[in-house]
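Asker: Handing over entry-v4.txt, compact mmCIF, C-alpha atoms and all ligand atoms.
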```
# COMPACT_ATOMS: atom_id res chain seq x y z
CA MET A 1 -10.28 105.11 111.81
CA MET A 2 -8.18 107.82 110.24
CA GLU A 3 -10.17 110.01 107.88
CA LEU A 4 -10.09 108.10 104.60
CA SER A 5 -13.24 109.56 103.03
CA LEU A 6 -14.51 106.14 102.06
CA LYS A 7 -18.01 106.33 100.60
CA GLN A 8 -20.32 103.65 101.98
CA PHE A 9 -22.29 101.65 99.41
CA VAL A 10 -25.28 100.80 101.60
CA PRO A 11 -27.23 103.91 102.72
CA SER A 12 -27.29 104.40 106.51
CA GLU A 13 -31.09 104.32 106.64
CA VAL A 14 -31.01 100.83 105.09
CA CYS A 15 -28.37 99.59 107.55
CA LEU A 16 -30.33 100.92 110.52
CA LYS A 17 -33.33 98.77 109.57
CA CYS A 18 -31.29 95.61 108.99
CA ASP A 19 -30.30 93.17 111.72
CA GLY A 20 -27.74 91.29 109.65
CA CYS A 21 -24.55 93.06 110.65
CA CYS A 22 -22.81 93.75 113.94
CA ARG A 23 -24.13 90.57 115.61
CA TYR A 24 -22.85 87.07 115.15
CA LYS A 25 -23.85 83.47 115.67
CA GLU A 26 -20.52 82.59 117.28
CA ALA A 27 -18.69 84.71 119.85
CA ASP A 28 -15.44 84.09 117.97
CA SER A 29 -16.90 84.82 114.51
CA ILE A 30 -14.49 85.82 111.76
CA TRP A 31 -17.08 88.46 110.74
CA ARG A 32 -16.36 90.58 113.80
CA PRO A 33 -14.35 93.68 112.88
CA LYS A 34 -10.61 93.17 113.21
CA LEU A 35 -8.79 96.35 114.12
CA GLY A 36 -5.50 97.34 112.55
CA ILE A 37 -3.05 99.72 114.21
CA SER A 38 -4.84 102.84 112.91
CA ASP A 39 -8.25 101.66 114.17
CA GLN A 40 -6.73 100.86 117.55
CA GLU A 41 -5.24 104.35 117.75
CA SER A 42 -8.55 106.00 116.79
CA LEU A 43 -10.51 103.96 119.32
CA ALA A 44 -7.86 104.08 122.05
CA ASP A 45 -10.24 105.74 124.52
CA ARG A 46 -12.72 102.85 124.06
CA ILE A 47 -10.37 99.89 124.05
CA THR A 48 -7.50 100.77 126.36
CA GLY A 49 -7.43 99.11 129.76
CA ASN A 50 -10.23 96.65 129.12
CA ASP A 51 -10.74 93.47 127.14
CA ALA A 52 -12.45 95.13 124.17
CA LEU A 53 -10.27 93.19 121.72
CA ASP A 54 -9.17 89.60 121.67
CA PRO A 55 -5.44 88.81 121.19
CA GLN A 56 -5.83 88.85 117.37
CA GLY A 57 -7.41 92.31 117.40
CA TYR A 58 -11.03 91.24 116.83
CA VAL A 59 -13.72 93.17 118.69
CA GLN A 60 -15.09 91.12 121.58
CA THR A 61 -18.82 90.53 121.69
CA ILE A 62 -21.56 90.70 124.30
CA GLN A 63 -24.24 87.99 124.43
CA SER A 64 -27.83 89.16 124.03
CA CYS A 65 -31.01 87.48 122.79
CA GLY A 66 -29.09 84.38 121.73
CA LYS A 67 -26.66 86.35 119.58
CA ASN A 68 -23.24 87.83 120.09
CA PHE A 69 -23.39 91.60 119.63
CA CYS A 70 -20.41 93.74 118.76
CA GLN A 71 -19.78 95.52 122.04
CA PHE A 72 -20.12 98.88 120.26
CA LEU A 73 -23.60 98.13 118.91
CA ASN A 74 -26.54 99.83 120.59
CA GLY A 75 -29.14 97.09 120.26
CA ALA A 76 -32.01 99.43 121.18
CA ASP A 77 -31.80 101.50 118.00
CA ASN A 78 -29.29 99.48 115.93
CA THR A 79 -26.76 102.32 115.91
CA CYS A 80 -23.00 102.04 116.19
CA GLY A 81 -21.61 103.63 119.34
CA VAL A 82 -18.35 104.50 117.59
CA TYR A 83 -19.79 105.35 114.17
CA ALA A 84 -17.58 108.38 113.47
CA LYS A 85 -14.51 106.28 114.30
CA ARG A 86 -15.80 102.87 113.28
CA PRO A 87 -13.22 100.34 112.11
CA PHE A 88 -12.11 100.38 108.50
CA GLU A 89 -13.70 96.98 107.88
CA CYS A 90 -17.08 98.34 109.01
CA SER A 91 -16.79 101.29 106.61
CA LEU A 92 -15.88 99.00 103.74
CA TYR A 93 -18.58 96.35 104.27
CA PRO A 94 -20.32 94.71 102.32
CA PHE A 95 -16.98 94.79 100.49
CA ILE A 96 -14.21 92.86 102.20
CA LEU A 97 -10.48 92.34 101.88
CA SER A 98 -9.37 88.72 102.09
CA GLN A 99 -5.81 87.57 102.60
CA THR A 100 -5.20 84.69 100.19
CA PRO A 101 -2.02 82.82 99.25
CA GLU A 102 -2.00 84.93 96.05
CA GLY A 103 -2.31 88.24 97.89
CA VAL A 104 -5.11 90.47 99.15
CA LYS A 105 -8.31 90.30 97.11
CA VAL A 106 -11.46 92.41 97.19
CA TYR A 107 -14.79 90.61 97.39
CA VAL A 108 -18.39 91.57 97.97
CA HIS A 109 -20.35 89.64 100.58
CA LEU A 110 -23.40 88.22 98.83
CA SER A 111 -25.24 87.68 102.11
CA CYS A 112 -25.92 91.42 102.43
CA PRO A 113 -29.59 91.95 101.41
CA TYR A 114 -28.79 95.33 99.83
CA VAL A 115 -26.17 93.67 97.63
CA GLN A 116 -28.70 91.02 96.61
CA ASP A 117 -31.07 93.82 95.51
CA HIS A 118 -28.39 95.78 93.65
CA LEU A 119 -26.44 93.10 91.82
CA PRO A 120 -26.06 93.43 88.93
CA ARG A 121 -27.02 97.07 88.62
CA ALA A 122 -25.35 100.22 87.41
CA ASP A 123 -24.92 101.67 90.91
CA PHE A 124 -23.13 98.51 92.06
CA ASP A 125 -20.77 98.64 89.07
CA ALA A 126 -20.17 102.35 89.71
CA HIS A 127 -19.25 101.65 93.33
CA VAL A 128 -16.80 98.92 92.32
CA ALA A 129 -15.18 101.39 89.90
CA TYR A 130 -15.05 103.93 92.75
CA LEU A 131 -13.37 101.35 95.04
CA LYS A 132 -10.76 100.54 92.39
CA GLU A 133 -9.83 104.23 92.29
CA PHE A 134 -9.98 104.47 96.09
CA PHE A 135 -7.44 101.67 96.51
CA ARG A 136 -5.12 103.31 93.96
CA ARG A 137 -4.71 106.40 96.17
CA THR A 138 -1.24 106.72 97.68
CA GLU A 139 -2.52 107.44 101.21
CA ILE A 140 -4.79 104.37 101.05
CA LYS A 141 -1.92 102.16 99.96
CA GLU A 142 0.12 103.53 102.87
CA PHE A 143 -2.80 102.98 105.25
CA LEU A 144 -3.26 99.35 104.16
CA SER A 145 0.47 98.64 104.29
CA ARG A 146 0.52 99.94 107.87
CA ASN A 147 -2.55 97.93 108.86
CA LYS A 148 -1.83 94.49 107.44
CA SER A 149 -2.72 92.93 110.78
CA MET A 150 -6.42 93.56 110.03
CA PHE A 151 -6.42 91.26 106.99
CA HIS A 152 -7.80 87.79 107.40
CA ASP A 153 -8.71 84.85 105.24
CA TYR A 154 -12.39 84.58 104.30
CA SER A 155 -11.88 81.53 102.07
CA PRO A 156 -14.06 79.29 104.32
CA TYR A 157 -16.96 81.51 103.18
CA ALA A 158 -16.14 81.34 99.47
CA PRO A 159 -19.75 80.45 98.41
CA GLU A 160 -20.93 83.75 99.98
CA LEU A 161 -18.30 85.84 98.20
CA LEU A 162 -17.96 87.33 94.73
CA HIS A 163 -14.42 88.22 93.69
CA LEU A 164 -14.10 91.73 92.27
CA PHE A 165 -10.41 92.61 91.92
CA ASP A 166 -6.97 92.16 93.51
CA LEU A 167 -4.81 94.57 95.48
CA SER A 168 -1.56 93.66 93.78
CA PHE A 169 0.52 96.22 95.72
CA LEU A 170 0.08 94.29 99.00
S1 LIG A 201 -17.97 98.82 115.32
FE1 LIG A 201 -20.00 99.63 114.87
S2 LIG A 201 -20.35 99.21 112.68
FE2 LIG A 201 -18.62 97.92 113.36
S3 LIG A 201 -19.54 95.93 113.94
FE3 LIG A 201 -19.44 97.20 115.81
S4 LIG A 201 -21.42 98.25 115.94
FE4 LIG A 201 -21.21 97.45 113.85
```
Kindly return the structure encoded in the file as structure tokens.
Answerer:
Amino acid sequence: MMELSLKQFVPSEVCLKCDGCCRYKEADSIWRPKLGISDQESLADRITGNDALDPQGYVQTIQSCGKNFCQFLNGADNTCGVYAKRPFECSLYPFILSQTPEGVKVYVHLSCPYVQDHLPRADFDAHVAYLKEFFRRTEIKEFLSRNKSMFHDYSPYAPELLHLFDLSFL
């Protein structure tokens, strides 16, 4: 991912102890990261010439222990093999962008245990305020406009989502 200086809400040490992300029940899960053009350019050395992505741009998975692991996940220590260049969606999570008929909306995924522990709390509210400012930045608007192919519709998971705000410029 291009350097966007996006602060992550969940501390790395918490993520490293959690087995919720980066592995999926279904091989074709919508929760796999979907790479836009900028992510594909950043990860070109990892995805070119193989079948790392499916035709829609989702990261392909590898089956292990009855789950479907993101192919970049190191299951031994739960680390991301492309962390410095991880896809934008991975940096943003547990916040997500969903393409709806009314435009792109920002949600938080309530299934994240850290979110469950920090909602409602001042640090959660502060991070939402930070994200609102983040998405107002000109270079972020340009980045999102260039990477519209990474947006998808999470409406089938509406009960797991809390709507926060809309990105009206998209
Ligand atoms: S790219 Fe890294 S952070 Fe994103 S799902 Fe795969 S292992 Fe997890």
Asker: Taking all atoms listed in the file into account, which of A:Ile37, A:Cys80, A:Cys18, A:Ile30 comes nearest ligand LIG 201 (chain A)?
Answerer: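 The closest residue to ligand LIG 201 (chain A) is A:Cys80.
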Asker: Could you list, with a cut-off of 6 Å and counting all atoms listed in the file, the residues of chain A near ligand LIG 201 (chain A), each shown with its nearest atom pair and the distance in Å rounded to one decimal, rows sorted by chain and ascending number, as CSV?
Answerer:
```
residue,atom,partner,partner_atom,distance
A:Cys22,CA,A:LIG201,S3,3.9
A:Pro33,CA,A:LIG201,S3,5.8
A:Cys70,CA,A:LIG201,FE3,4.6
A:Phe72,CA,A:LIG201,S4,4.6
A:Leu73,CA,A:LIG201,S4,3.7
A:Cys80,CA,A:LIG201,FE1,4.1
A:Val82,CA,A:LIG201,FE1,5.8
A:Tyr83,CA,A:LIG201,FE1,5.8
A:Arg86,CA,A:LIG201,S1,5.0
A:Pro87,CA,A:LIG201,S1,5.9
A:Cys90,CA,A:LIG201,FE2,4.6
```
Asker: Which residues, written as a ChimeraX atom specification, have at least one atom at most 6 Å from Leu35 (chain A), with all atoms listed in the file counted and residues fewer than 4 positions away on the same chain left out?
Answerer: /A:39,57,150
Asker: Any idea what's packed within 9 Å of Phe169 (chain A), counting all atoms listed in the file, ignoring anything in its chain fewer than 5 positions away? Could you give it as number ranges by chain?
Answerer: A: 103-104, 141, 145
Asker: For a quick check of understanding, using only C-alpha atoms, which of A:Lys17, A:Lys7, A:His109, A:Arg136 has the smallest distance to Thr79 (chain A)?
Answerer: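 Once distances to Thr79 (chain A) are computed over only C-alpha atoms, the minimum belongs to A:Lys17.
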